Each structure stands twice: as C-alpha cells, then as structure tokens.
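Structure file model-v3.txt; described as compact mmCIF, N, CA and C atoms.
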```
# COMPACT_ATOMS: atom_id res chain seq x y z
N SER A 1 -3.21 66.71 -70.65
CA SER A 1 -3.91 65.49 -70.79
C SER A 1 -4.62 65.41 -72.12
N SER A 2 -4.42 66.38 -72.96
CA SER A 2 -5.01 66.36 -74.29
C SER A 2 -4.27 65.41 -75.22
N ASP A 3 -3.02 65.07 -74.86
CA ASP A 3 -2.25 64.18 -75.73
C ASP A 3 -2.67 62.72 -75.55
N LEU A 4 -3.51 62.38 -74.54
CA LEU A 4 -3.95 61.01 -74.35
C LEU A 4 -4.93 60.59 -75.44
N GLY A 5 -5.63 61.45 -75.92
CA GLY A 5 -6.55 61.15 -77.01
C GLY A 5 -7.95 60.91 -76.49
N SER A 6 -8.84 60.70 -77.42
CA SER A 6 -10.24 60.54 -77.06
C SER A 6 -10.57 59.10 -76.72
N ASN A 7 -9.63 58.18 -77.02
CA ASN A 7 -9.89 56.76 -76.75
C ASN A 7 -9.58 56.35 -75.30
N SER A 8 -9.07 57.21 -74.49
CA SER A 8 -8.67 56.85 -73.12
C SER A 8 -9.90 56.55 -72.26
N VAL A 9 -9.70 55.60 -71.32
CA VAL A 9 -10.79 55.20 -70.43
C VAL A 9 -10.47 55.73 -69.05
N ARG A 10 -11.41 56.40 -68.52
CA ARG A 10 -11.23 56.92 -67.17
C ARG A 10 -11.65 55.91 -66.12
N PHE A 11 -10.91 55.86 -64.98
CA PHE A 11 -11.26 54.97 -63.87
C PHE A 11 -12.37 55.58 -63.04
N VAL A 12 -13.44 54.83 -62.89
CA VAL A 12 -14.57 55.31 -62.10
C VAL A 12 -14.78 54.31 -60.97
N PRO A 13 -14.61 54.73 -59.72
CA PRO A 13 -14.80 53.78 -58.61
C PRO A 13 -16.27 53.40 -58.48
N ARG A 14 -16.50 52.15 -58.19
CA ARG A 14 -17.87 51.66 -58.04
C ARG A 14 -18.33 51.84 -56.60
N PRO A 15 -19.58 51.96 -56.39
CA PRO A 15 -20.08 52.07 -55.02
C PRO A 15 -19.88 50.74 -54.28
N THR A 16 -19.74 50.79 -52.97
CA THR A 16 -19.45 49.58 -52.18
C THR A 16 -20.70 48.92 -51.62
N ARG A 17 -21.85 49.24 -52.12
CA ARG A 17 -23.05 48.58 -51.62
C ARG A 17 -23.18 47.19 -52.24
N LEU A 18 -24.04 46.35 -51.61
CA LEU A 18 -24.22 44.98 -52.08
C LEU A 18 -24.92 44.97 -53.43
N ASP A 19 -24.47 44.09 -54.27
CA ASP A 19 -25.11 43.89 -55.56
C ASP A 19 -26.41 43.13 -55.36
N SER A 20 -27.20 43.08 -56.38
CA SER A 20 -28.42 42.28 -56.32
C SER A 20 -28.05 40.80 -56.36
N ARG A 21 -26.84 40.48 -56.91
CA ARG A 21 -26.41 39.08 -56.96
C ARG A 21 -25.92 38.63 -55.58
N GLN A 22 -25.40 39.52 -54.75
CA GLN A 22 -24.83 39.14 -53.47
C GLN A 22 -25.87 39.08 -52.35
N ALA A 23 -26.90 39.83 -52.43
CA ALA A 23 -27.88 39.92 -51.35
C ALA A 23 -28.53 38.58 -51.02
N PRO A 24 -29.00 37.78 -51.98
CA PRO A 24 -29.65 36.52 -51.60
C PRO A 24 -28.69 35.54 -50.92
N SER A 25 -27.42 35.52 -51.35
CA SER A 25 -26.50 34.56 -50.75
C SER A 25 -26.20 34.93 -49.30
N ALA A 26 -26.11 36.22 -49.01
CA ALA A 26 -25.86 36.64 -47.64
C ALA A 26 -27.03 36.26 -46.75
N MET A 27 -28.22 36.45 -47.23
CA MET A 27 -29.39 36.09 -46.46
C MET A 27 -29.48 34.57 -46.32
N GLY A 28 -29.14 33.85 -47.36
CA GLY A 28 -29.17 32.39 -47.31
C GLY A 28 -28.16 31.86 -46.30
N ARG A 29 -27.03 32.52 -46.21
CA ARG A 29 -26.00 32.09 -45.26
C ARG A 29 -26.50 32.24 -43.83
N GLU A 30 -27.13 33.36 -43.55
CA GLU A 30 -27.67 33.58 -42.20
C GLU A 30 -28.74 32.54 -41.87
N GLU A 31 -29.58 32.28 -42.87
CA GLU A 31 -30.63 31.28 -42.65
C GLU A 31 -30.04 29.89 -42.41
N SER A 32 -29.03 29.53 -43.20
CA SER A 32 -28.44 28.20 -43.04
C SER A 32 -27.75 28.08 -41.68
N LEU A 33 -27.11 29.18 -41.23
CA LEU A 33 -26.49 29.14 -39.90
C LEU A 33 -27.54 28.95 -38.82
N ALA A 34 -28.67 29.65 -38.95
CA ALA A 34 -29.75 29.52 -37.98
C ALA A 34 -30.31 28.10 -37.98
N GLN A 35 -30.46 27.52 -39.19
CA GLN A 35 -30.97 26.16 -39.28
C GLN A 35 -30.00 25.16 -38.66
N ALA A 36 -28.71 25.37 -38.90
CA ALA A 36 -27.71 24.48 -38.33
C ALA A 36 -27.73 24.56 -36.80
N LYS A 37 -27.90 25.78 -36.29
CA LYS A 37 -27.98 25.96 -34.84
C LYS A 37 -29.19 25.23 -34.27
N GLU A 38 -30.32 25.35 -34.95
CA GLU A 38 -31.53 24.65 -34.49
C GLU A 38 -31.33 23.14 -34.52
N ALA A 39 -30.69 22.64 -35.58
CA ALA A 39 -30.45 21.20 -35.70
C ALA A 39 -29.55 20.72 -34.56
N ARG A 40 -28.51 21.51 -34.25
CA ARG A 40 -27.62 21.15 -33.14
C ARG A 40 -28.38 21.12 -31.82
N LYS A 41 -29.25 22.10 -31.62
CA LYS A 41 -30.06 22.16 -30.41
C LYS A 41 -30.93 20.90 -30.28
N GLU A 42 -31.56 20.54 -31.39
CA GLU A 42 -32.46 19.38 -31.36
C GLU A 42 -31.68 18.10 -31.05
N THR A 43 -30.51 17.92 -31.68
CA THR A 43 -29.73 16.70 -31.41
C THR A 43 -29.22 16.69 -29.97
N ASP A 44 -28.84 17.85 -29.46
CA ASP A 44 -28.39 17.93 -28.06
C ASP A 44 -29.52 17.53 -27.11
N GLU A 45 -30.72 18.04 -27.39
CA GLU A 45 -31.86 17.70 -26.54
C GLU A 45 -32.17 16.21 -26.62
N ALA A 46 -32.10 15.64 -27.82
CA ALA A 46 -32.36 14.20 -27.99
C ALA A 46 -31.32 13.38 -27.23
N ASN A 47 -30.05 13.79 -27.35
CA ASN A 47 -28.99 13.07 -26.64
C ASN A 47 -29.16 13.17 -25.13
N ARG A 48 -29.55 14.36 -24.67
CA ARG A 48 -29.76 14.55 -23.24
C ARG A 48 -30.90 13.66 -22.74
N ALA A 49 -31.98 13.59 -23.54
CA ALA A 49 -33.12 12.75 -23.16
C ALA A 49 -32.70 11.27 -23.11
N LYS A 50 -31.89 10.83 -24.10
CA LYS A 50 -31.42 9.44 -24.10
C LYS A 50 -30.58 9.16 -22.86
N LYS A 51 -29.71 10.11 -22.51
CA LYS A 51 -28.84 9.95 -21.36
C LYS A 51 -29.67 9.83 -20.07
N GLU A 52 -30.67 10.70 -19.93
CA GLU A 52 -31.54 10.65 -18.75
C GLU A 52 -32.26 9.31 -18.68
N GLU A 53 -32.73 8.84 -19.84
CA GLU A 53 -33.45 7.57 -19.88
C GLU A 53 -32.53 6.43 -19.45
N ARG A 54 -31.27 6.46 -19.93
CA ARG A 54 -30.28 5.44 -19.58
C ARG A 54 -30.01 5.46 -18.07
N LYS A 55 -29.87 6.68 -17.51
CA LYS A 55 -29.62 6.81 -16.07
C LYS A 55 -30.80 6.25 -15.26
N ASP A 56 -32.01 6.59 -15.70
CA ASP A 56 -33.20 6.10 -14.98
C ASP A 56 -33.25 4.57 -15.01
N LYS A 57 -32.90 4.00 -16.15
CA LYS A 57 -32.91 2.54 -16.30
C LYS A 57 -31.89 1.91 -15.34
N GLN A 58 -30.69 2.51 -15.27
CA GLN A 58 -29.67 2.00 -14.37
C GLN A 58 -30.10 2.11 -12.91
N TRP A 59 -30.73 3.24 -12.58
CA TRP A 59 -31.19 3.42 -11.20
C TRP A 59 -32.24 2.37 -10.83
N THR A 60 -33.17 2.12 -11.74
CA THR A 60 -34.22 1.13 -11.42
C THR A 60 -33.60 -0.25 -11.25
N ALA A 61 -32.59 -0.58 -12.10
CA ALA A 61 -31.93 -1.88 -11.97
C ALA A 61 -31.21 -1.97 -10.64
N ALA A 62 -30.52 -0.91 -10.24
CA ALA A 62 -29.78 -0.91 -8.98
C ALA A 62 -30.73 -1.01 -7.79
N GLU A 63 -31.85 -0.31 -7.88
CA GLU A 63 -32.82 -0.34 -6.77
C GLU A 63 -33.46 -1.71 -6.63
N SER A 64 -33.64 -2.41 -7.76
CA SER A 64 -34.26 -3.73 -7.67
C SER A 64 -33.31 -4.72 -7.01
N HIS A 65 -31.99 -4.52 -7.18
CA HIS A 65 -31.01 -5.41 -6.56
C HIS A 65 -30.79 -5.08 -5.08
N ASN A 66 -30.97 -3.82 -4.73
CA ASN A 66 -30.74 -3.39 -3.36
C ASN A 66 -31.95 -3.72 -2.51
N GLN A 67 -31.75 -4.59 -1.51
CA GLN A 67 -32.89 -4.98 -0.69
C GLN A 67 -32.99 -4.16 0.58
N GLY A 68 -31.94 -3.50 0.95
CA GLY A 68 -32.00 -2.65 2.13
C GLY A 68 -31.86 -3.41 3.42
N GLY A 69 -31.65 -2.68 4.53
CA GLY A 69 -31.44 -3.30 5.83
C GLY A 69 -32.69 -3.96 6.38
N ALA A 70 -33.85 -3.49 6.02
CA ALA A 70 -35.10 -4.04 6.54
C ALA A 70 -35.35 -5.44 5.99
N ALA A 71 -34.84 -5.72 4.80
CA ALA A 71 -35.09 -7.02 4.19
C ALA A 71 -34.22 -8.12 4.79
N LYS A 72 -33.12 -7.73 5.46
CA LYS A 72 -32.26 -8.73 6.09
C LYS A 72 -32.96 -9.28 7.32
N LYS A 73 -32.81 -10.59 7.52
CA LYS A 73 -33.50 -11.18 8.67
C LYS A 73 -32.72 -10.88 9.95
N ALA A 74 -33.41 -10.73 11.00
CA ALA A 74 -32.78 -10.45 12.28
C ALA A 74 -32.25 -11.77 12.86
N LEU A 75 -31.03 -11.73 13.41
CA LEU A 75 -30.45 -12.93 13.98
C LEU A 75 -31.08 -13.24 15.33
N THR A 76 -31.35 -14.50 15.54
CA THR A 76 -31.89 -14.90 16.83
C THR A 76 -30.75 -14.97 17.84
N ALA A 77 -31.10 -15.11 19.12
CA ALA A 77 -30.09 -15.18 20.19
C ALA A 77 -29.20 -16.41 20.01
N GLU A 78 -29.82 -17.50 19.56
CA GLU A 78 -29.06 -18.75 19.36
C GLU A 78 -28.04 -18.57 18.24
N GLU A 79 -28.46 -17.95 17.14
CA GLU A 79 -27.54 -17.73 16.02
C GLU A 79 -26.41 -16.78 16.41
N GLU A 80 -26.75 -15.76 17.23
CA GLU A 80 -25.73 -14.82 17.68
C GLU A 80 -24.69 -15.51 18.53
N ALA A 81 -25.13 -16.40 19.42
CA ALA A 81 -24.22 -17.13 20.30
C ALA A 81 -23.30 -18.03 19.46
N GLU A 82 -23.89 -18.68 18.46
CA GLU A 82 -23.11 -19.55 17.58
C GLU A 82 -22.05 -18.75 16.82
N LYS A 83 -22.45 -17.60 16.34
CA LYS A 83 -21.52 -16.73 15.60
C LYS A 83 -20.37 -16.28 16.51
N ALA A 84 -20.68 -15.90 17.75
CA ALA A 84 -19.66 -15.46 18.69
C ALA A 84 -18.70 -16.60 19.01
N ALA A 85 -19.25 -17.81 19.16
CA ALA A 85 -18.41 -18.98 19.45
C ALA A 85 -17.43 -19.25 18.31
N LYS A 86 -17.92 -19.17 17.08
CA LYS A 86 -17.06 -19.38 15.92
C LYS A 86 -15.95 -18.34 15.87
N LYS A 87 -16.31 -17.10 16.19
CA LYS A 87 -15.32 -16.02 16.16
C LYS A 87 -14.24 -16.25 17.21
N GLU A 88 -14.66 -16.66 18.42
CA GLU A 88 -13.71 -16.93 19.50
C GLU A 88 -12.79 -18.09 19.14
N GLU A 89 -13.36 -19.13 18.52
CA GLU A 89 -12.56 -20.29 18.11
C GLU A 89 -11.53 -19.90 17.07
N SER A 90 -11.93 -19.06 16.12
CA SER A 90 -10.98 -18.65 15.08
C SER A 90 -9.87 -17.79 15.67
N LYS A 91 -10.19 -16.98 16.68
CA LYS A 91 -9.16 -16.18 17.35
C LYS A 91 -8.15 -17.08 18.05
N LYS A 92 -8.65 -18.14 18.74
CA LYS A 92 -7.76 -19.07 19.44
C LYS A 92 -6.85 -19.78 18.44
N LEU A 93 -7.42 -20.22 17.32
CA LEU A 93 -6.61 -20.91 16.30
C LEU A 93 -5.54 -19.99 15.75
N ALA A 94 -5.89 -18.75 15.51
CA ALA A 94 -4.92 -17.79 14.96
C ALA A 94 -3.80 -17.55 15.96
N ALA A 95 -4.14 -17.44 17.25
CA ALA A 95 -3.12 -17.21 18.27
C ALA A 95 -2.18 -18.41 18.37
N ALA A 96 -2.74 -19.62 18.32
CA ALA A 96 -1.92 -20.84 18.39
C ALA A 96 -0.99 -20.93 17.18
N GLU A 97 -1.51 -20.63 16.02
CA GLU A 97 -0.70 -20.69 14.79
C GLU A 97 0.43 -19.66 14.85
N GLU A 98 0.12 -18.48 15.33
CA GLU A 98 1.13 -17.42 15.41
C GLU A 98 2.24 -17.82 16.38
N ALA A 99 1.86 -18.44 17.50
CA ALA A 99 2.85 -18.88 18.49
C ALA A 99 3.74 -19.96 17.89
N SER A 100 3.16 -20.86 17.10
CA SER A 100 3.96 -21.95 16.51
C SER A 100 4.88 -21.45 15.41
N VAL A 101 4.49 -20.40 14.73
CA VAL A 101 5.32 -19.86 13.64
C VAL A 101 6.48 -19.05 14.21
N GLY A 102 6.33 -18.53 15.39
CA GLY A 102 7.40 -17.75 15.99
C GLY A 102 7.28 -16.28 15.62
N GLY A 103 6.16 -15.72 15.88
CA GLY A 103 6.00 -14.29 15.61
C GLY A 103 5.09 -14.03 14.43
N GLY A 104 4.93 -15.00 13.57
CA GLY A 104 4.05 -14.82 12.42
C GLY A 104 4.53 -13.72 11.51
N PRO A 105 3.62 -13.09 10.83
CA PRO A 105 4.00 -12.06 9.88
C PRO A 105 4.61 -10.82 10.53
N THR A 106 4.35 -10.63 11.85
CA THR A 106 4.90 -9.45 12.50
C THR A 106 6.30 -9.70 13.03
N GLY A 107 6.68 -11.00 13.22
CA GLY A 107 7.99 -11.32 13.76
C GLY A 107 9.06 -11.36 12.68
N ASP A 108 10.17 -12.02 13.01
CA ASP A 108 11.28 -12.14 12.07
C ASP A 108 10.88 -13.08 10.94
N PRO A 109 10.95 -12.63 9.69
CA PRO A 109 10.50 -13.48 8.59
C PRO A 109 11.42 -14.68 8.36
N TYR A 110 12.64 -14.63 8.91
CA TYR A 110 13.58 -15.74 8.72
C TYR A 110 13.72 -16.57 9.99
N ALA A 111 12.76 -16.44 10.93
CA ALA A 111 12.86 -17.15 12.19
C ALA A 111 12.89 -18.66 11.98
N HIS A 112 12.14 -19.17 11.04
CA HIS A 112 12.11 -20.61 10.80
C HIS A 112 13.39 -21.11 10.14
N LEU A 113 14.20 -20.21 9.60
CA LEU A 113 15.45 -20.60 8.94
C LEU A 113 16.65 -20.56 9.88
N ASN A 114 16.55 -19.80 10.96
CA ASN A 114 17.67 -19.64 11.88
C ASN A 114 17.73 -20.81 12.86
N GLN A 115 18.21 -21.94 12.41
CA GLN A 115 18.28 -23.12 13.26
C GLN A 115 19.73 -23.60 13.37
N GLY A 116 20.70 -22.71 13.27
CA GLY A 116 22.10 -23.10 13.38
C GLY A 116 22.69 -23.39 12.01
N PRO A 117 24.00 -23.64 11.96
CA PRO A 117 24.67 -23.89 10.68
C PRO A 117 24.29 -25.26 10.10
N SER A 118 24.27 -25.33 8.79
CA SER A 118 23.94 -26.59 8.12
C SER A 118 25.18 -27.49 8.08
N LYS A 119 25.01 -28.73 7.63
CA LYS A 119 26.13 -29.68 7.55
C LYS A 119 27.19 -29.17 6.59
N LYS A 120 26.75 -28.60 5.48
CA LYS A 120 27.70 -28.08 4.48
C LYS A 120 28.53 -26.95 5.07
N GLU A 121 27.84 -26.06 5.82
CA GLU A 121 28.56 -24.93 6.43
C GLU A 121 29.60 -25.43 7.43
N VAL A 122 29.25 -26.43 8.25
CA VAL A 122 30.18 -26.99 9.24
C VAL A 122 31.39 -27.59 8.53
N ALA A 123 31.13 -28.35 7.44
CA ALA A 123 32.23 -28.99 6.71
C ALA A 123 33.14 -27.94 6.08
N ALA A 124 32.55 -26.88 5.51
CA ALA A 124 33.34 -25.83 4.87
C ALA A 124 34.20 -25.11 5.89
N LYS A 125 33.63 -24.84 7.06
CA LYS A 125 34.40 -24.15 8.10
C LYS A 125 35.55 -25.02 8.59
N ALA A 126 35.33 -26.33 8.75
CA ALA A 126 36.39 -27.24 9.20
C ALA A 126 37.51 -27.31 8.18
N LYS A 127 37.13 -27.35 6.90
CA LYS A 127 38.14 -27.40 5.82
C LYS A 127 38.97 -26.13 5.82
N ALA A 128 38.31 -24.97 5.95
CA ALA A 128 39.02 -23.69 5.96
C ALA A 128 39.94 -23.60 7.17
N LYS A 129 39.47 -24.11 8.30
CA LYS A 129 40.29 -24.08 9.52
C LYS A 129 41.54 -24.95 9.34
N ALA A 130 41.37 -26.13 8.76
CA ALA A 130 42.50 -27.04 8.54
C ALA A 130 43.51 -26.41 7.57
N LYS A 131 43.00 -25.78 6.53
CA LYS A 131 43.88 -25.14 5.54
C LYS A 131 44.66 -24.01 6.20
N LEU A 132 43.99 -23.21 7.02
CA LEU A 132 44.65 -22.11 7.71
C LEU A 132 45.72 -22.64 8.67
N ALA A 133 45.40 -23.72 9.38
CA ALA A 133 46.37 -24.32 10.31
C ALA A 133 47.59 -24.82 9.54
N ALA A 134 47.40 -25.43 8.37
CA ALA A 134 48.52 -25.94 7.57
C ALA A 134 49.38 -24.77 7.09
N LEU A 135 48.76 -23.69 6.68
CA LEU A 135 49.52 -22.52 6.22
C LEU A 135 50.31 -21.91 7.37
N MET A 136 49.70 -21.84 8.55
CA MET A 136 50.39 -21.28 9.72
C MET A 136 51.58 -22.15 10.10
N ALA A 137 51.40 -23.46 10.06
CA ALA A 137 52.49 -24.39 10.40
C ALA A 137 53.62 -24.26 9.38
N ALA A 138 53.26 -24.09 8.11
CA ALA A 138 54.27 -23.98 7.06
C ALA A 138 55.04 -22.67 7.21
N SER A 139 54.37 -21.62 7.64
CA SER A 139 55.06 -20.33 7.75
C SER A 139 55.97 -20.29 8.98
N LYS A 140 55.63 -21.02 10.03
CA LYS A 140 56.45 -21.05 11.22
C LYS A 140 57.61 -22.04 11.12
N ALA A 141 57.49 -22.99 10.24
CA ALA A 141 58.56 -23.98 10.07
C ALA A 141 59.78 -23.33 9.43
N PRO A 142 60.98 -23.81 9.79
CA PRO A 142 62.17 -23.24 9.16
C PRO A 142 62.20 -23.53 7.67
N PRO A 143 62.79 -22.65 6.90
CA PRO A 143 62.82 -22.90 5.46
C PRO A 143 63.61 -24.17 5.14
N PRO A 144 63.17 -24.92 4.15
CA PRO A 144 63.86 -26.17 3.81
C PRO A 144 65.28 -25.90 3.31
N LYS A 145 66.18 -26.81 3.63
CA LYS A 145 67.58 -26.64 3.21
C LYS A 145 67.74 -27.05 1.78
N LYS A 146 68.60 -26.32 1.09
CA LYS A 146 68.81 -26.63 -0.32
C LYS A 146 70.08 -27.38 -0.52
```

Produce structure tokens that represent the structure in this file.
Amino acid sequence: SSDLGSNSVRFVPRPTRLDSRQAPSAMGREESLAQAKEARKETDEANRAKKEERKDKQWTAAESHNQGGAAKKALTAEEEAEKAAKKEESKKLAAAEEASVGGGPTGDPYAHLNQGPSKKEVAAKAKAKAKLAALMAASKAPPPKK
C-alpha cells in the first residue's frame, strides 16, 4: 500500500448518532403529531356536542307533537253507538257490492266478461261452418267430367 502515495484519502465511517441539525426536527415532528392529535380530539368533541344538541332538538320537537293517549278525548256511549252503526252499514254495503260483482276480488276476475259468445264470434263460427260444409260437399261430389 506504499505505492498509493501520501495523497490517498482513507474512508472513515461516521458515527450513527443524531446530528445537532437533526435533533430539533425530530422533536418538532413529535410535537406537531401531538398537536394534530389534540386538534382532532377537539373537533371530534365539538362534532359530538353538535350531534347531541341536534338530537335533543329533534326529541323536543317530536315530544311537542306527540300528545299521548291521555290527551285524546274519551268517546261517549252515543258516539260509540254511532260509530258501530256506521261500521255495520259499511259492512252491509261491501257484502252487497261483492254479491253484485260476482265474487269480487276473491272470485273469478273475468266473471263479468263470461256472458256467452259475442255477435262477431257467432258470425265467424257460422261462416267457418258454412265454408267447411261447402268443402265437405265438394270433396264428396264426383269429380267433374272433362
């Protein structure tokens, strides 16, 4: 190694400890992370408080609209009798209507349409019958002489 000369530079490994330039930034990073965490906590708490306030407001609005069973007036015997009469009348009307419809929604949905063949159907059947009779007569007749 004497042929390298006196101008050669030897490699000297540096220690791996933090420099004085790196130490403040590392501490600053930890501090900024802690501050960001605190800020997130504060905003979460504020949002939670707003949400609770909104829920309370909705509950009070709902409670003001809800009058409860005690606030409803009790029906007198006369009103009850009138209500029962109306109910009975509506039942009778429904039964009469169902009987006139022929089963109503539970019966045959085409019951009102099944009233026999229409005039067009009768005419078409008669025409087809006549045509068939003519063809049968033509087939049974002797072939024409040439």

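We find atom CA of Ala81 of chain A and atom CA of Ala95 of chain A to be spaced 21.2 Å apart.
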
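Here atom C of Thr76 of chain A is placed at a distance of 18.3 Å from atom C of Glu88 of chain A.
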
Would you work out the distance separating atom C of Gln115 of chain A from atom N of Ser100 of chain A, expressed in Å to one decimal?
17.2 Å
